[in-house]
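Dumped entry_0.pdb below, it's PDB, C-alpha atoms:
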```pdb
ATOM      1  CA  MET A  20      89.261 119.541  93.258
ATOM      2  CA  ARG A  21      92.475 117.560  93.491
ATOM      3  CA  ALA A  22      94.915 116.178  90.966
ATOM      4  CA  ARG A  23      94.892 112.428  90.356
ATOM      5  CA  MET A  24      98.494 112.226  91.476
ATOM      6  CA  LYS A  25     101.500 114.342  92.329
ATOM      7  CA  ASN A  26     103.044 116.008  89.269
ATOM      8  CA  PRO A  27     105.374 113.454  87.601
ATOM      9  CA  ALA A  28     108.150 116.055  87.435
ATOM     10  CA  TYR A  29     108.176 116.045  91.251
ATOM     11  CA  VAL A  30     107.894 112.263  91.489
ATOM     12  CA  LEU A  31     110.944 111.807  89.233
ATOM     13  CA  PRO A  32     113.430 114.483  90.395
ATOM     14  CA  GLY A  33     115.617 114.168  87.297
ATOM     15  CA  ALA A  34     112.687 115.442  85.245
ATOM     16  CA  MET A  35     112.534 118.635  87.281
ATOM     17  CA  LYS A  36     116.261 119.147  86.803
ATOM     18  CA  GLY A  37     115.815 118.818  83.028
ATOM     19  CA  ILE A  38     112.859 121.213  83.035
ATOM     20  CA  GLY A  39     114.901 123.731  85.025
ATOM     21  CA  THR A  40     117.708 123.474  82.483
ATOM     22  CA  LEU A  41     115.230 124.052  79.646
ATOM     23  CA  PHE A  42     113.816 127.138  81.376
ATOM     24  CA  GLN A  43     117.330 128.498  81.862
ATOM     25  CA  SER A  44     118.136 127.938  78.180
ATOM     26  CA  ILE A  45     114.888 129.561  77.077
ATOM     27  CA  GLY A  46     115.781 132.601  79.178
ATOM     28  CA  GLU A  47     119.080 132.884  77.315
ATOM     29  CA  GLY A  48     117.174 133.286  74.036
ATOM     30  CA  GLY A  49     116.070 136.836  74.800
ATOM     31  CA  LEU A  50     112.373 136.301  74.052
ATOM     32  CA  ARG A  51     110.279 138.897  75.904
ATOM     33  CA  GLN A  52     108.713 137.352  78.998
ATOM     34  CA  ASP A  53     105.270 138.778  78.248
ATOM     35  CA  LEU A  54     105.360 137.213  74.780
ATOM     36  CA  ALA A  55     106.416 133.853  76.247
ATOM     37  CA  GLU A  56     103.410 134.066  78.582
ATOM     38  CA  ILE A  57     101.067 135.068  75.740
ATOM     39  CA  VAL A  58     102.057 132.082  73.583
ATOM     40  CA  GLY A  59     101.942 129.835  76.645
ATOM     41  CA  LEU A  60      98.423 131.062  77.358
ATOM     42  CA  ARG A  61      97.318 130.423  73.772
ATOM     43  CA  ALA A  62      98.716 126.877  73.673
ATOM     44  CA  SER A  63      97.123 126.154  77.037
ATOM     45  CA  GLN A  64      93.748 127.457  75.845
ATOM     46  CA  ILE A  65      93.899 125.186  72.793
ATOM     47  CA  ASN A  66      94.841 122.181  74.937
ATOM     48  CA  GLY A  67      92.228 122.880  77.609
ATOM     49  CA  CYS A  68      94.761 123.013  80.428
ATOM     50  CA  GLY A  69      93.031 124.975  83.191
ATOM     51  CA  ALA A  70      96.074 124.952  85.465
ATOM     52  CA  CYS A  71      98.281 126.490  82.763
ATOM     53  CA  VAL A  72      95.645 128.964  81.541
ATOM     54  CA  HIS A  73      95.358 130.177  85.108
ATOM     55  CA  GLY A  74      99.129 130.300  85.631
ATOM     56  CA  HIS A  75      99.857 132.226  82.433
ATOM     57  CA  THR A  76      97.022 134.659  83.172
ATOM     58  CA  VAL A  77      98.414 135.327  86.651
ATOM     59  CA  ASN A  78     101.922 135.817  85.220
ATOM     60  CA  LEU A  79     100.646 138.208  82.542
ATOM     61  CA  ARG A  80      98.846 140.296  85.153
ATOM     62  CA  LYS A  81     102.008 140.381  87.304
ATOM     63  CA  ALA A  82     103.924 141.581  84.222
ATOM     64  CA  GLY A  83     101.465 144.472  83.844
ATOM     65  CA  VAL A  84      99.775 143.219  80.669
ATOM     66  CA  SER A  85      96.346 144.793  80.265
ATOM     67  CA  GLU A  86      93.182 142.805  80.917
ATOM     68  CA  GLU A  87      91.995 143.536  77.385
ATOM     69  CA  ARG A  88      95.143 141.963  75.883
ATOM     70  CA  ILE A  89      94.887 138.942  78.175
ATOM     71  CA  ALA A  90      91.206 138.446  77.379
ATOM     72  CA  ALA A  91      91.845 138.801  73.644
ATOM     73  CA  VAL A  92      94.493 136.072  73.385
ATOM     74  CA  ALA A  93      91.837 133.450  72.572
ATOM     75  CA  ALA A  94      90.597 135.626  69.685
ATOM     76  CA  TRP A  95      93.854 137.352  68.759
ATOM     77  CA  ARG A  96      93.098 137.327  65.020
ATOM     78  CA  HIS A  97      90.161 139.648  65.635
ATOM     79  CA  ALA A  98      91.762 141.959  68.180
ATOM     80  CA  PRO A  99      93.870 145.067  67.542
ATOM     81  CA  PHE A 100      96.034 144.582  70.637
ATOM     82  CA  PHE A 101      98.867 142.530  69.115
ATOM     83  CA  SER A 102     101.898 143.547  67.056
ATOM     84  CA  ASP A 103     102.866 141.818  63.811
ATOM     85  CA  ALA A 104     105.621 139.942  65.678
ATOM     86  CA  GLU A 105     103.172 138.768  68.343
ATOM     87  CA  ARG A 106     100.710 137.661  65.657
ATOM     88  CA  ALA A 107     103.443 135.664  63.919
ATOM     89  CA  ALA A 108     104.378 134.041  67.252
ATOM     90  CA  LEU A 109     100.729 133.186  67.930
ATOM     91  CA  LYS A 110     100.368 131.649  64.449
ATOM     92  CA  LEU A 111     103.442 129.502  65.086
ATOM     93  CA  THR A 112     102.090 128.535  68.510
ATOM     94  CA  GLU A 113      98.830 127.345  67.012
ATOM     95  CA  ALA A 114     100.599 125.418  64.246
ATOM     96  CA  MET A 115     102.944 123.705  66.726
ATOM     97  CA  THR A 116     100.091 122.917  69.110
ATOM     98  CA  ARG A 117      97.569 121.643  66.568
ATOM     99  CA  LEU A 118      99.817 119.192  64.738
ATOM    100  CA  SER A 119      97.191 116.485  64.395
ATOM    101  CA  ASP A 120      94.522 118.920  63.199
ATOM    102  CA  LEU A 121      96.413 119.789  60.045
ATOM    103  CA  SER A 122      96.057 118.132  56.674
ATOM    104  CA  GLU A 123      99.059 119.993  55.311
ATOM    105  CA  GLU A 124     102.576 120.685  56.492
ATOM    106  CA  PRO A 125     102.287 121.808  60.151
ATOM    107  CA  VAL A 126     104.660 124.765  59.802
ATOM    108  CA  PRO A 127     104.689 125.780  56.148
ATOM    109  CA  ASP A 128     107.560 127.820  54.724
ATOM    110  CA  ALA A 129     105.398 130.960  54.512
ATOM    111  CA  LEU A 130     104.693 130.823  58.251
ATOM    112  CA  TRP A 131     108.324 130.061  59.042
ATOM    113  CA  ASP A 132     109.456 133.022  56.924
ATOM    114  CA  GLU A 133     106.935 135.314  58.635
ATOM    115  CA  VAL A 134     108.112 134.337  62.105
ATOM    116  CA  ALA A 135     111.790 134.516  61.111
ATOM    117  CA  ASP A 136     111.238 138.083  59.865
ATOM    118  CA  HIS A 137     110.454 139.147  63.449
ATOM    119  CA  PHE A 138     112.818 137.085  65.580
ATOM    120  CA  ASP A 139     116.518 136.327  65.444
ATOM    121  CA  GLU A 140     117.747 132.750  65.798
ATOM    122  CA  LYS A 141     118.088 132.896  69.601
ATOM    123  CA  GLU A 142     114.646 134.441  70.083
ATOM    124  CA  LEU A 143     113.152 131.958  67.650
ATOM    125  CA  SER A 144     114.800 129.119  69.559
ATOM    126  CA  GLY A 145     113.324 130.467  72.805
ATOM    127  CA  LEU A 146     109.906 130.756  71.182
ATOM    128  CA  ILE A 147     109.948 127.208  69.809
ATOM    129  CA  LEU A 148     111.135 125.747  73.113
ATOM    130  CA  THR A 149     108.550 127.792  75.051
ATOM    131  CA  VAL A 150     105.691 126.446  72.947
ATOM    132  CA  ALA A 151     107.041 122.901  73.077
ATOM    133  CA  LEU A 152     107.518 123.018  76.856
ATOM    134  CA  THR A 153     104.051 124.515  77.339
ATOM    135  CA  ASN A 154     102.585 121.660  75.325
ATOM    136  CA  LEU A 155     104.482 119.204  77.548
ATOM    137  CA  PHE A 156     103.064 120.810  80.695
ATOM    138  CA  ASN A 157      99.571 120.888  79.170
ATOM    139  CA  ARG A 158      99.715 117.173  78.469
ATOM    140  CA  ILE A 159     100.950 116.345  81.960
ATOM    141  CA  ASN A 160      98.435 118.588  83.704
ATOM    142  CA  THR A 161      95.409 117.474  81.700
ATOM    143  CA  THR A 162      96.339 113.814  82.246
ATOM    144  CA  ILE A 163      96.666 114.135  86.014
ATOM    145  CA  GLN A 164      93.789 116.667  86.161
ATOM    146  CA  GLU A 165      95.861 119.366  87.840
ATOM    147  CA  PRO A 166      93.362 121.996  89.030
ATOM    148  CA  ALA A 167      93.581 125.673  88.136
ATOM    149  CA  GLY A 168      95.310 127.670  90.838
ATOM    150  CA  THR A 169      97.983 125.080  91.564
ATOM    151  CA  GLN A 170     101.271 126.649  92.619
ATOM    152  CA  TRP A 171     104.503 125.052  91.415
ATOM    153  CA  GLY A 172     108.041 125.361  92.641
TER
END
```

Is it possible to give me this structure as C-alpha cells?
Amino acid sequence: MRARMKNPAYVLPGAMKGIGTLFQSIGEGGLRQDLAEIVGLRASQINGCGACVHGHTVNLRKAGVSEERIAAVAAWRHAPFFSDAERAALKLTEAMTRLSDLSEEPVPDALWDEVADHFDEKELSGLILTVALTNLFNRINTTIQEPAGTQWG
C-alpha cells in the first residue's frame, strides 16, 4: 500500500517549519506526553486515520502505557483506566473532532469548565493545539491515503 502522493508538508517545506514550531510550542505547555498521545489516538480513531492510529499506538507503547489502556481508548467511557483529567481531555477531544456531528454548541460551557478544572492555561493551550494539530494530520493523511506504519521525520 502506498500513499497517493508525498506528504504535502514535505512538498512545501515552509509547512514543515510551521508544524515544527507548533510542536515546540505545544511542548512548552507542559501537557503530559502520554496524555497528548492518548488524545491524538482518540481523534485519529474518530477520523479513521490508520497512519496516525498506528503512530500514536507505537508512541504510547514506547512511553510504557499499558496495552489495556491503549486498547480502551476507543471505549474510554466504559473503562476504569482513565483519571478524571484524562476523561475531561478525551471529552474535549471528541467535541473538537466531531464539530459537524453536533447540533448544539461544540464545546459547551459545562465541558469547558470541566476541562479547565484539571488543566492550567498552558496545559489547556497544549491540549487544544494537540487536538487541532492531530485533526490536521488526520485530514492530510486520509486524503493522501498514507498507510499505517509510515515513518515521518

Evaluate the PyMOL selection byres ((chain A and resi 89-105) around 12) here and jot the selected residues down as an mmCIF file with C-alpha atoms, in the frame of the given file.
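So part-v2.cif came out as:
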```
data_model
loop_
_atom_site.group_PDB
_atom_site.id
_atom_site.type_symbol
_atom_site.label_atom_id
_atom_site.label_comp_id
_atom_site.auth_asym_id
_atom_site.auth_seq_id
_atom_site.Cartn_x
_atom_site.Cartn_y
_atom_site.Cartn_z
ATOM 1 C CA LEU A 50 112.373 136.301 74.052
ATOM 2 C CA ARG A 51 110.279 138.897 75.904
ATOM 3 C CA ASP A 53 105.270 138.778 78.248
ATOM 4 C CA LEU A 54 105.360 137.213 74.780
ATOM 5 C CA ALA A 55 106.416 133.853 76.247
ATOM 6 C CA GLU A 56 103.410 134.066 78.582
ATOM 7 C CA ILE A 57 101.067 135.068 75.740
ATOM 8 C CA VAL A 58 102.057 132.082 73.583
ATOM 9 C CA GLY A 59 101.942 129.835 76.645
ATOM 10 C CA LEU A 60 98.423 131.062 77.358
ATOM 11 C CA ARG A 61 97.318 130.423 73.772
ATOM 12 C CA ALA A 62 98.716 126.877 73.673
ATOM 13 C CA SER A 63 97.123 126.154 77.037
ATOM 14 C CA GLN A 64 93.748 127.457 75.845
ATOM 15 C CA ILE A 65 93.899 125.186 72.793
ATOM 16 C CA ASN A 66 94.841 122.181 74.937
ATOM 17 C CA GLY A 67 92.228 122.880 77.609
ATOM 18 C CA VAL A 72 95.645 128.964 81.541
ATOM 19 C CA HIS A 73 95.358 130.177 85.108
ATOM 20 C CA HIS A 75 99.857 132.226 82.433
ATOM 21 C CA THR A 76 97.022 134.659 83.172
ATOM 22 C CA VAL A 77 98.414 135.327 86.651
ATOM 23 C CA ASN A 78 101.922 135.817 85.220
ATOM 24 C CA LEU A 79 100.646 138.208 82.542
ATOM 25 C CA ARG A 80 98.846 140.296 85.153
ATOM 26 C CA LYS A 81 102.008 140.381 87.304
ATOM 27 C CA ALA A 82 103.924 141.581 84.222
ATOM 28 C CA GLY A 83 101.465 144.472 83.844
ATOM 29 C CA VAL A 84 99.775 143.219 80.669
ATOM 30 C CA SER A 85 96.346 144.793 80.265
ATOM 31 C CA GLU A 86 93.182 142.805 80.917
ATOM 32 C CA GLU A 87 91.995 143.536 77.385
ATOM 33 C CA ARG A 88 95.143 141.963 75.883
ATOM 34 C CA ARG A 106 100.710 137.661 65.657
ATOM 35 C CA ALA A 107 103.443 135.664 63.919
ATOM 36 C CA ALA A 108 104.378 134.041 67.252
ATOM 37 C CA LEU A 109 100.729 133.186 67.930
ATOM 38 C CA LYS A 110 100.368 131.649 64.449
ATOM 39 C CA LEU A 111 103.442 129.502 65.086
ATOM 40 C CA THR A 112 102.090 128.535 68.510
ATOM 41 C CA GLU A 113 98.830 127.345 67.012
ATOM 42 C CA LEU A 130 104.693 130.823 58.251
ATOM 43 C CA ASP A 132 109.456 133.022 56.924
ATOM 44 C CA GLU A 133 106.935 135.314 58.635
ATOM 45 C CA VAL A 134 108.112 134.337 62.105
ATOM 46 C CA ALA A 135 111.790 134.516 61.111
ATOM 47 C CA ASP A 136 111.238 138.083 59.865
ATOM 48 C CA HIS A 137 110.454 139.147 63.449
ATOM 49 C CA PHE A 138 112.818 137.085 65.580
ATOM 50 C CA ASP A 139 116.518 136.327 65.444
ATOM 51 C CA GLU A 142 114.646 134.441 70.083
ATOM 52 C CA LEU A 143 113.152 131.958 67.650
ATOM 53 C CA LEU A 146 109.906 130.756 71.182
#
```

**Request:** May I ask for the distance between CA of Val150 in chain A and CA of Met115 in chain A, given in Å to one decimal place?
**Result:** 7.3 Å

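Across the structure, CA of Glu47 in chain A and CA of Leu148 in chain A are spaced 11.5 Å apart.
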
As AutoDock Vina command-line options, please report the centre and edge lengths, rounded to one decimal in Å, of the axis-aligned box that holds all listed atoms of range 45-55 of chain A with 6 Å of padding on each of the six sides.
```
--center_x 112.2 --center_y 134.2 --center_z 76.6 --size_x 25.8 --size_y 21.3 --size_z 17.1
```

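Applied to the file shown here, the PyMOL selection byres ((chain A and resi 24) around 9) selects the residues Arg21, Ala22, Arg23, Lys25, Asn26, Pro27, Ile163, Gln164 and Glu165 of chain A.
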
Taking C-alpha atoms for each residue, export the selection above as a JSON list (two decimals), in the coordinates of the input.
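For reference, part-v2.json as written:
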```json
[["chain", "number", "residue", "atom", "x", "y", "z"],
["A", 21, "ARG", "CA", 92.48, 117.56, 93.49],
["A", 22, "ALA", "CA", 94.92, 116.18, 90.97],
["A", 23, "ARG", "CA", 94.89, 112.43, 90.36],
["A", 25, "LYS", "CA", 101.50, 114.34, 92.33],
["A", 26, "ASN", "CA", 103.04, 116.01, 89.27],
["A", 27, "PRO", "CA", 105.37, 113.45, 87.60],
["A", 163, "ILE", "CA", 96.67, 114.14, 86.01],
["A", 164, "GLN", "CA", 93.79, 116.67, 86.16],
["A", 165, "GLU", "CA", 95.86, 119.37, 87.84]]
```

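Between CA of Thr40 in chain A and CA of Gly74 in chain A the separation is 20.0 Å.
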
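Distance check against Gly37 in chain A using only C-alpha atoms: of A:Leu152, A:Ile147, A:Cys68, A:Met20, the minimum falls on A:Leu152.
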
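The list of residues within 12 Å of (106.0, 118.2, 91.9), counted using only C-alpha atoms, is Ala22, Met24, Lys25, Asn26, Pro27, Ala28, Tyr29, Val30, Leu31, Pro32, Gly33, Ala34, Met35, Lys36, Ile38, Phe156, Ile159, Asn160, Ile163, Glu165, Thr169, Gln170, Trp171 and Gly172 of chain A.
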
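The shortest atom-to-atom distance to Arg117 in chain A, with all atoms listed in the file taken into account, belongs to A:Asn154 out of A:Gln43, A:Asn154, A:Gln52, A:Thr161.
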